[in-house]
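J.: For reference, the file model-v9.cif (mmCIF, C-alpha atoms) is included below:
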```
data_run
loop_
_atom_site.label_atom_id
_atom_site.label_comp_id
_atom_site.auth_asym_id
_atom_site.auth_seq_id
_atom_site.Cartn_x
_atom_site.Cartn_y
_atom_site.Cartn_z
CA MET A 14 -5.29 -136.01 170.86
CA ASN A 15 -2.57 -137.55 173.04
CA ASP A 16 0.49 -135.35 172.84
CA PRO A 17 3.72 -137.26 173.58
CA ASP A 18 5.20 -134.00 174.86
CA GLY A 19 2.23 -133.17 177.10
CA ASP A 20 3.88 -134.02 180.43
CA LEU A 21 7.10 -132.23 179.55
CA ILE A 22 5.23 -129.13 178.42
CA ALA A 23 3.27 -129.02 181.67
CA ALA A 24 6.51 -129.37 183.67
CA ILE A 25 8.20 -126.64 181.62
CA ALA A 26 5.23 -124.34 182.19
CA ALA A 27 5.70 -124.95 185.93
CA GLY A 28 9.35 -123.84 185.66
CA ASP A 29 11.07 -127.24 185.69
CA ALA A 30 14.55 -126.65 184.21
CA ARG A 31 15.29 -130.37 183.87
CA ALA A 32 12.12 -130.87 181.85
CA ALA A 33 13.22 -128.00 179.61
CA ASP A 34 16.61 -129.65 179.04
CA ALA A 35 14.97 -133.01 178.30
CA PHE A 36 12.62 -131.32 175.84
CA VAL A 37 15.54 -129.67 174.03
CA ARG A 38 17.42 -132.96 173.78
CA ARG A 39 14.32 -134.68 172.40
CA HIS A 40 13.65 -132.15 169.65
CA VAL A 41 16.79 -130.20 168.87
CA HIS A 42 17.99 -132.53 166.11
CA ARG A 43 14.71 -132.46 164.18
CA VAL A 44 14.40 -128.69 164.52
CA THR A 45 17.96 -127.98 163.36
CA ALA A 46 17.72 -130.58 160.59
CA LEU A 47 14.55 -129.01 159.21
CA ALA A 48 16.07 -125.52 159.43
CA GLN A 49 19.22 -126.73 157.71
CA ARG A 50 17.25 -128.40 154.92
CA MET A 51 15.52 -125.08 154.37
CA LEU A 52 18.44 -122.69 154.84
CA HIS A 53 21.46 -124.83 153.87
CA ASP A 54 23.49 -123.07 156.54
CA PRO A 55 24.29 -124.89 159.79
CA HIS A 56 25.01 -121.70 161.76
CA GLU A 57 21.74 -120.07 160.73
CA ALA A 58 19.95 -123.33 161.49
CA GLU A 59 21.32 -123.25 165.04
CA ASP A 60 20.18 -119.64 165.45
CA VAL A 61 16.72 -120.67 164.28
CA ALA A 62 16.69 -123.58 166.75
CA GLN A 63 17.51 -121.22 169.60
CA GLU A 64 14.66 -118.90 168.58
CA VAL A 65 12.25 -121.83 168.27
CA PHE A 66 12.96 -123.04 171.80
CA LEU A 67 12.68 -119.54 173.25
CA LYS A 68 9.24 -119.30 171.66
CA ALA A 69 8.45 -122.80 172.95
CA TRP A 70 9.15 -121.79 176.58
CA ARG A 71 6.73 -118.88 176.25
CA GLU A 72 4.14 -120.98 174.45
CA ALA A 73 4.35 -123.76 177.07
CA ARG A 74 2.61 -121.52 179.63
CA ARG A 75 -0.31 -120.93 177.27
CA TRP A 76 -0.48 -124.41 175.74
CA ARG A 77 -3.78 -126.25 176.04
CA PRO A 78 -3.58 -130.01 175.34
CA GLY A 79 -6.06 -131.56 172.95
CA GLN A 80 -5.42 -129.39 169.93
CA ALA A 81 -2.50 -129.96 167.56
CA LYS A 82 0.61 -131.67 168.87
CA PHE A 83 3.20 -129.29 170.35
CA GLN A 84 5.79 -130.73 167.97
CA THR A 85 3.62 -129.75 165.00
CA TRP A 86 3.45 -126.20 166.33
CA MET A 87 7.26 -126.19 166.73
CA HIS A 88 7.84 -127.33 163.16
CA ARG A 89 5.48 -124.62 161.93
CA VAL A 90 7.41 -122.00 163.92
CA THR A 91 10.69 -123.38 162.53
CA LEU A 92 9.45 -123.07 158.97
CA ASN A 93 8.12 -119.55 159.52
CA LEU A 94 11.46 -118.42 160.95
CA CYS A 95 13.19 -120.01 157.94
CA TYR A 96 10.82 -118.27 155.51
CA ASP A 97 11.66 -114.94 157.22
CA ARG A 98 15.38 -115.54 156.83
CA LEU A 99 15.00 -116.67 153.21
CA ARG A 100 13.05 -113.50 152.43
CA LYS A 101 15.88 -111.43 153.92
CA ARG A 102 18.51 -113.10 151.80
CA ARG A 103 16.44 -113.08 148.60
CA GLU A 104 19.28 -111.34 146.83
CA VAL A 105 21.27 -114.58 146.72
CA SER A 106 21.56 -114.90 143.01
CA ASP A 107 23.25 -118.06 141.96
CA PRO A 108 22.06 -121.11 143.85
CA ASP A 109 24.47 -123.26 141.92
CA ALA A 110 27.44 -121.30 143.25
CA GLY A 111 29.89 -123.68 144.83
CA ALA A 112 28.27 -126.69 143.24
CA GLU A 113 31.03 -128.06 141.16
CA THR A 114 30.27 -130.40 138.35
CA ALA A 115 31.41 -133.93 138.82
CA ASP A 116 34.86 -134.49 137.49
CA PRO A 117 34.70 -137.47 135.16
CA ALA A 118 38.44 -137.99 135.34
CA PRO A 119 39.36 -141.61 135.74
CA GLY A 120 40.63 -142.47 139.17
CA ALA A 121 38.37 -140.05 141.00
CA SER A 122 37.40 -141.69 144.22
CA GLU A 123 33.83 -142.79 144.83
CA MET A 124 33.76 -140.71 147.97
CA TRP A 125 34.70 -137.60 146.02
CA LEU A 126 31.95 -138.35 143.50
CA ALA A 127 29.43 -138.87 146.27
CA GLN A 128 30.40 -135.52 147.79
CA GLN A 129 30.01 -133.76 144.45
CA ARG A 130 26.61 -135.33 143.93
CA ALA A 131 25.54 -134.39 147.43
CA ARG A 132 26.50 -130.78 146.74
CA ARG A 133 24.57 -130.75 143.48
CA VAL A 134 21.50 -132.27 145.10
CA GLN A 135 21.71 -129.76 147.93
CA ALA A 136 22.09 -126.88 145.46
CA ALA A 137 19.14 -128.14 143.41
CA LEU A 138 16.99 -128.48 146.52
CA ALA A 139 17.91 -124.90 147.42
CA THR A 140 16.46 -123.66 144.13
CA LEU A 141 13.04 -125.22 144.74
CA PRO A 142 10.24 -122.88 145.82
CA GLU A 143 10.17 -122.70 149.62
CA ARG A 144 6.89 -124.57 150.08
CA GLN A 145 8.00 -127.45 147.84
CA ARG A 146 11.31 -127.62 149.68
CA ALA A 147 9.50 -127.63 153.02
CA ALA A 148 7.14 -130.40 151.89
CA ILE A 149 10.06 -132.59 150.80
CA ALA A 150 11.98 -131.83 154.00
CA LEU A 151 9.03 -132.81 156.18
CA CYS A 152 7.86 -135.90 154.27
CA HIS A 153 11.05 -137.33 152.87
CA PHE A 154 13.78 -136.29 155.30
CA GLU A 155 11.78 -135.97 158.53
CA GLU A 156 9.52 -138.88 157.55
CA MET A 157 6.42 -137.19 158.92
CA SER A 158 3.00 -138.64 158.24
CA GLN A 159 0.98 -136.97 155.48
CA ALA A 160 -1.54 -135.54 157.94
CA GLU A 161 1.14 -134.10 160.21
CA ALA A 162 3.16 -132.56 157.37
CA ALA A 163 -0.02 -131.03 155.94
CA SER A 164 -0.83 -129.63 159.37
CA VAL A 165 2.64 -128.08 159.72
CA LEU A 166 2.32 -126.46 156.30
CA GLU A 167 -1.31 -125.50 157.02
CA VAL A 168 -2.55 -127.05 153.78
CA SER A 169 -4.78 -129.98 152.83
CA VAL A 170 -3.25 -133.40 152.13
CA ASP A 171 -4.12 -132.90 148.44
CA ALA A 172 -2.18 -129.64 148.40
CA LEU A 173 0.72 -131.33 150.19
CA GLU A 174 0.84 -134.05 147.53
CA SER A 175 0.82 -131.41 144.82
CA LEU A 176 3.78 -129.63 146.46
CA LEU A 177 5.67 -132.91 146.78
CA ALA A 178 5.03 -134.01 143.21
CA ARG A 179 6.04 -130.64 141.74
CA GLY A 180 9.17 -130.51 143.90
CA ARG A 181 10.22 -134.02 142.96
CA ARG A 182 9.63 -133.40 139.24
CA ALA A 183 11.65 -130.17 139.37
CA LEU A 184 14.50 -131.92 141.14
CA HIS A 185 14.56 -134.63 138.50
CA ALA A 186 14.56 -132.07 135.70
CA LYS A 187 17.53 -130.25 137.23
CA LEU A 188 19.55 -133.37 137.96
CA ALA A 189 18.66 -135.82 135.20
CA ASP A 190 22.34 -136.59 134.59
CA VAL A 191 22.99 -137.36 138.26
CA ALA A 192 19.87 -139.50 138.39
CA ARG A 193 21.07 -141.47 135.37
CA ASP A 194 24.46 -142.06 137.02
CA LEU A 195 22.87 -143.15 140.25
CA MET A 196 20.45 -145.52 138.54
CA GLY A 197 23.30 -146.85 136.41
CA GLU A 198 25.25 -147.63 139.55
CA VAL A 199 22.25 -149.42 141.01
CA GLY A 200 21.94 -151.41 137.79
CA ASP A 201 25.65 -152.23 137.88
CA GLY A 202 25.30 -153.35 141.48
CA ARG A 203 27.80 -150.71 142.65
CA THR A 204 25.46 -149.37 145.30
CA ALA A 205 23.00 -151.04 147.56
CA MET B 11 -7.23 -147.76 143.99
CA ASP B 12 -7.16 -146.77 140.37
CA GLN B 13 -4.40 -145.73 138.01
CA THR B 14 -4.87 -142.00 138.66
CA ARG B 15 -4.59 -142.35 142.42
CA PHE B 16 -1.68 -144.79 142.19
CA GLU B 17 0.25 -142.40 139.97
CA ALA B 18 -0.51 -139.49 142.29
CA ILE B 19 0.82 -141.45 145.28
CA VAL B 20 4.03 -142.40 143.47
CA ALA B 21 4.53 -138.85 142.14
CA ALA B 22 4.23 -137.42 145.65
CA TYR B 23 5.87 -140.04 147.86
CA GLY B 24 8.14 -141.99 145.53
CA ALA B 25 8.57 -145.65 144.72
CA ASP B 26 9.10 -146.99 148.24
CA PRO B 27 5.81 -148.37 149.65
CA LYS B 28 7.01 -147.58 153.19
CA ARG B 29 6.51 -143.89 152.34
CA TRP B 30 3.02 -144.30 150.91
CA PRO B 31 0.03 -143.17 152.99
CA GLU B 32 -0.70 -145.87 155.55
CA ALA B 33 -4.40 -145.94 154.82
CA GLU B 34 -3.81 -146.62 151.12
CA ARG B 35 -0.59 -148.61 151.29
CA ASP B 36 -2.01 -152.12 151.00
CA ALA B 37 -4.30 -151.16 148.13
CA ALA B 38 -1.43 -149.43 146.31
CA ILE B 39 0.88 -152.43 146.76
CA ALA B 40 -1.84 -154.72 145.43
CA TYR B 41 -2.39 -152.38 142.49
CA ALA B 42 1.34 -152.35 141.66
CA ALA B 43 1.46 -156.16 141.81
CA ALA B 44 -1.52 -156.53 139.51
CA HIS B 45 -0.51 -153.95 136.90
CA ALA B 46 2.55 -153.21 134.84
CA VAL B 47 3.54 -150.00 136.63
CA ASP B 48 6.65 -148.04 135.72
CA LEU B 49 8.41 -146.81 138.85
CA SER B 50 11.75 -145.97 137.22
CA GLU B 51 11.40 -142.18 137.40
CA ALA B 52 10.18 -142.30 140.99
CA ARG B 53 13.13 -144.56 141.87
CA ALA B 54 15.55 -142.13 140.22
CA ILE B 55 14.18 -139.22 142.25
CA ASP B 56 14.34 -141.31 145.43
CA ALA B 57 17.99 -141.99 144.62
CA LEU B 58 18.62 -138.27 144.16
CA LEU B 59 17.07 -137.47 147.53
CA GLY B 60 19.07 -140.31 149.03
CA ALA B 61 22.23 -138.65 147.72
CA ALA B 62 21.52 -135.42 149.63
CA PRO B 63 24.10 -134.74 152.33
CA PRO B 64 23.19 -136.13 155.75
CA ILE B 65 22.73 -133.71 158.62
CA ALA B 66 24.72 -134.50 161.73
CA PRO B 67 23.00 -134.19 165.11
CA PRO B 68 23.80 -130.89 166.83
CA GLY B 69 26.44 -131.06 169.54
CA ASP B 70 26.13 -130.40 173.26
CA LEU B 71 27.26 -126.82 172.66
CA LEU B 72 23.94 -125.95 171.02
CA VAL B 73 21.98 -127.65 173.81
CA ALA B 74 23.98 -125.64 176.38
CA ARG B 75 23.46 -122.44 174.40
CA ILE B 76 19.70 -122.97 174.34
CA ALA B 77 19.66 -123.70 178.09
CA ARG B 78 21.65 -120.50 178.70
CA SER B 79 19.28 -118.45 176.59
CA ARG B 80 16.35 -119.88 178.57
CA ARG B 81 17.93 -118.79 181.87
CA GLN B 82 18.64 -115.33 180.45
CA ASN B 83 15.09 -115.13 179.20
CA LEU B 84 13.77 -116.03 182.65
CA LEU B 85 16.01 -113.46 184.34
CA ALA B 86 15.26 -110.67 181.87
CA PRO B 87 12.01 -109.51 183.56
CA LEU B 88 13.72 -109.51 186.99
CA ALA B 89 16.61 -107.48 185.60
CA ALA B 90 14.17 -105.02 184.05
CA LEU B 91 12.34 -104.71 187.38
CA ALA B 92 15.61 -104.11 189.23
CA ALA B 93 16.62 -101.48 186.66
CA CYS B 94 13.27 -99.74 187.11
CA ALA B 95 13.74 -99.74 190.89
CA VAL B 96 17.24 -98.26 190.60
CA MET B 97 16.04 -95.61 188.15
CA GLY B 98 13.15 -94.82 190.48
CA VAL B 99 15.51 -94.25 193.40
CA ILE B 100 17.82 -92.08 191.30
CA PHE B 101 15.03 -89.95 189.87
CA GLY B 102 13.25 -89.78 193.22
CA TYR B 103 16.40 -88.48 194.93
CA GLY B 104 16.98 -86.00 192.11
CA ALA B 105 13.42 -84.76 192.34
CA GLY B 106 13.80 -84.41 196.10
CA LEU B 107 16.86 -82.21 195.64
CA SER B 108 15.29 -79.98 193.02
CA ALA B 109 11.79 -79.67 194.55
CA PRO B 110 12.55 -77.01 197.26
CA ALA B 111 14.24 -74.77 194.69
CA GLN B 112 11.16 -74.97 192.51
CA VAL B 113 8.87 -74.13 195.42
CA ASN B 114 11.07 -71.14 196.34
CA ALA B 115 11.01 -69.97 192.77
CA GLU B 116 7.22 -70.25 192.65
CA ASN B 117 6.91 -68.37 195.94
CA SER B 118 9.12 -65.57 194.70
CA ASP B 119 7.04 -65.34 191.51
CA ILE B 120 3.87 -64.92 193.60
CA GLU B 121 5.56 -62.31 195.73
CA GLN B 122 6.59 -60.33 192.65
CA VAL B 123 3.03 -60.43 191.29
CA LEU B 124 1.51 -59.29 194.57
CA SER B 125 4.09 -56.55 195.01
CA ALA B 126 3.52 -55.30 191.53
CA ALA B 127 -0.25 -55.33 191.95
CA PHE B 128 -0.54 -53.76 195.39
CA ASP B 129 2.87 -52.24 195.88
CA ALA B 130 3.40 -54.17 199.11
CA PRO B 131 5.26 -57.37 200.00
CA ALA B 132 3.21 -60.54 200.09
CA SER B 133 4.05 -61.00 203.80
CA ALA B 134 2.02 -57.91 204.54
CA TRP B 135 -1.07 -59.48 202.95
CA SER B 136 -0.61 -62.79 204.64
CA SER B 137 -0.32 -61.14 208.09
CA GLU B 138 -3.63 -59.35 207.52
CA ASP B 139 -5.47 -62.65 207.39
CA SER B 140 -4.29 -63.75 210.79
#
```
Please lay out the structure from this file as structure tokens.

T.:
Amino acid sequence: MNDPDGDLIAAIAAGDARAADAFVRRHVHRVTALAQRMLHDPHEAEDVAQEVFLKAWREARRWRPGQAKFQTWMHRVTLNLCYDRLRKRREVSDPDAGAETADPAPGASEMWLAQQRARRVQAALATLPERQRAAIALCHFEEMSQAEAASVLEVSVDALESLLARGRRALHAKLADVARDLMGEVGDGRTA
Amino acid sequence: MDQTRFEAIVAAYGADPKRWPEAERDAAIAYAAAHAVDLSEARAIDALLGAAPPIAPPGDLLVARIARSRRQNLLAPLAALAACAVMGVIFGYGAGLSAPAQVNAENSDIEQVLSAAFDAPASAWSSEDS
């Protein structure tokens, strides 16, 4: 398997600081985005990213090309660190806290409505079981291939599809009213 | 491609063919064109996911923080080695100061035992050997 990060990993293992910086710049957005989709906390997501890269420096010295892609390993580490943090904050009781219902008052700006919807979608995503949330984050938001997402989650493609389908159905059940509004807007030609 | 597989693809990946598995995409598109498929629910869920808040790229501060943590991580073993060396010097010097006192104490213990046993100072016994 040709790893697009292979040369950088070899340089990092040899102690090349510039290669390490280039590697961070290449991956930091995807790592923090995945962590944020899982944790819904930008500060915690940055802490996770820092931990992931520290582990990556250590792993670079041991890495043997030809197995899984290094990026796949990094996403797996990111998810595991997120699962650890989610376990620690299991006491969080009300995932809808802070998610205000959309104010139907006339005159409310479209931007305000979009923000309210975004909050509700984010809150609903936060209530999904972790593995379903991770599957949606990898496939929908990170646009990973099925095989790669399944590899990150360490499941078969069939199991990945099951996680995705259950997550999507649950999201729809929680936000049927928002979905109706959105589809109505599409029908009215108000959104692209 | 049959109805069961088509529905499974749409349930998992949504209504947008760009997100369907590459190996099955053409067959699924052909199936959708040839059959009266209902994609409304999948489109609604796609719209919901599209309404999720975007995530801004992290700033240079995070990149700098990660670079700093890498340098600290690299220096940590050297710092630990230096600390060990310093501690070794300190303890070595301390041991050097306390060692003669211990030897003297041991010698005096031996002398007391010999004196008690034979009623003579240990120096008397040692001179007999020579």

J.: For Pro67 (chain B), which residue among A:Val41, A:Leu177, A:Val90, A:Ala27 is the nearest when counting all atoms listed in the file?

T.: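 With all atoms listed in the file as the atom set, the closest residue is A:Val41.
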
J.: Name the residues that the PyMOL selection byres ((chain A) within 9 of (chain B)) picks from the file above, as a ChimeraX atom specification, using the file's chain letters and numbers.

T.: /A:30,33-34,37-38,41-43,45-46,49-50,59,62-64,66-67,70,127-128,130-135,138,152-154,156,158-159,173-182,184-185,188-189,191-193,195-196

J.: What does the distance from CA of Pro27 (chain B) to CA of Ile39 (chain B) come to in Å, to one decimal?

T.: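 CA of Ile39 (chain B) lies at a distance of 7.0 Å from CA of Pro27 (chain B).
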
J.: Please identify all polymer residues lying at most 7 Å from the point (-0.3, -148.4, 146.4) (file coordinates), using all atoms listed in the file, and present the result as a PDB file with C-alpha atoms, in the frame of the given file.

T.:
```pdb
ATOM      1  CA  PHE B  16      -1.680-144.790 142.190  1.00  0.00           C
ATOM      2  CA  PRO B  27       5.810-148.370 149.650  1.00  0.00           C
ATOM      3  CA  TRP B  30       3.020-144.300 150.910  1.00  0.00           C
ATOM      4  CA  GLU B  34      -3.810-146.620 151.120  1.00  0.00           C
ATOM      5  CA  ARG B  35      -0.590-148.610 151.290  1.00  0.00           C
ATOM      6  CA  ASP B  36      -2.010-152.120 151.000  1.00  0.00           C
ATOM      7  CA  ALA B  37      -4.300-151.160 148.130  1.00  0.00           C
ATOM      8  CA  ALA B  38      -1.430-149.430 146.310  1.00  0.00           C
ATOM      9  CA  ILE B  39       0.880-152.430 146.760  1.00  0.00           C
ATOM     10  CA  ALA B  40      -1.840-154.720 145.430  1.00  0.00           C
ATOM     11  CA  TYR B  41      -2.390-152.380 142.490  1.00  0.00           C
ATOM     12  CA  ALA B  42       1.340-152.350 141.660  1.00  0.00           C
TER      13      ALA B  42
END
```

J.: Report, in Å to a single decimal, how far apart CA of Ala148 (chain A) and CA of Trp125 (chain A) are.

T.: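 Here the two named atoms are 29.1 Å from each other.
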
J.: Measuring atom to atom with all atoms listed in the file, identify which of A:Leu151, A:Val65, A:Ala183, A:Leu52 is nearest to Ser164 (chain A).

T.: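 Among the listed residues, A:Leu151 lies closest to Ser164 (chain A).
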
J.: What is the CA of Leu49 (chain B) to CA of Asp26 (chain B) distance in Å?

T.: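 Those two atoms sit 9.4 Å apart.
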
J.: Determine the nearest neighbour of Asn15 (chain A) from the options A:Phe36, A:Ala58, A:Asp29, A:Lys82, counting only C-alpha atoms.

T.: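 Of all the options, A:Lys82 lies closest to Asn15 (chain A).
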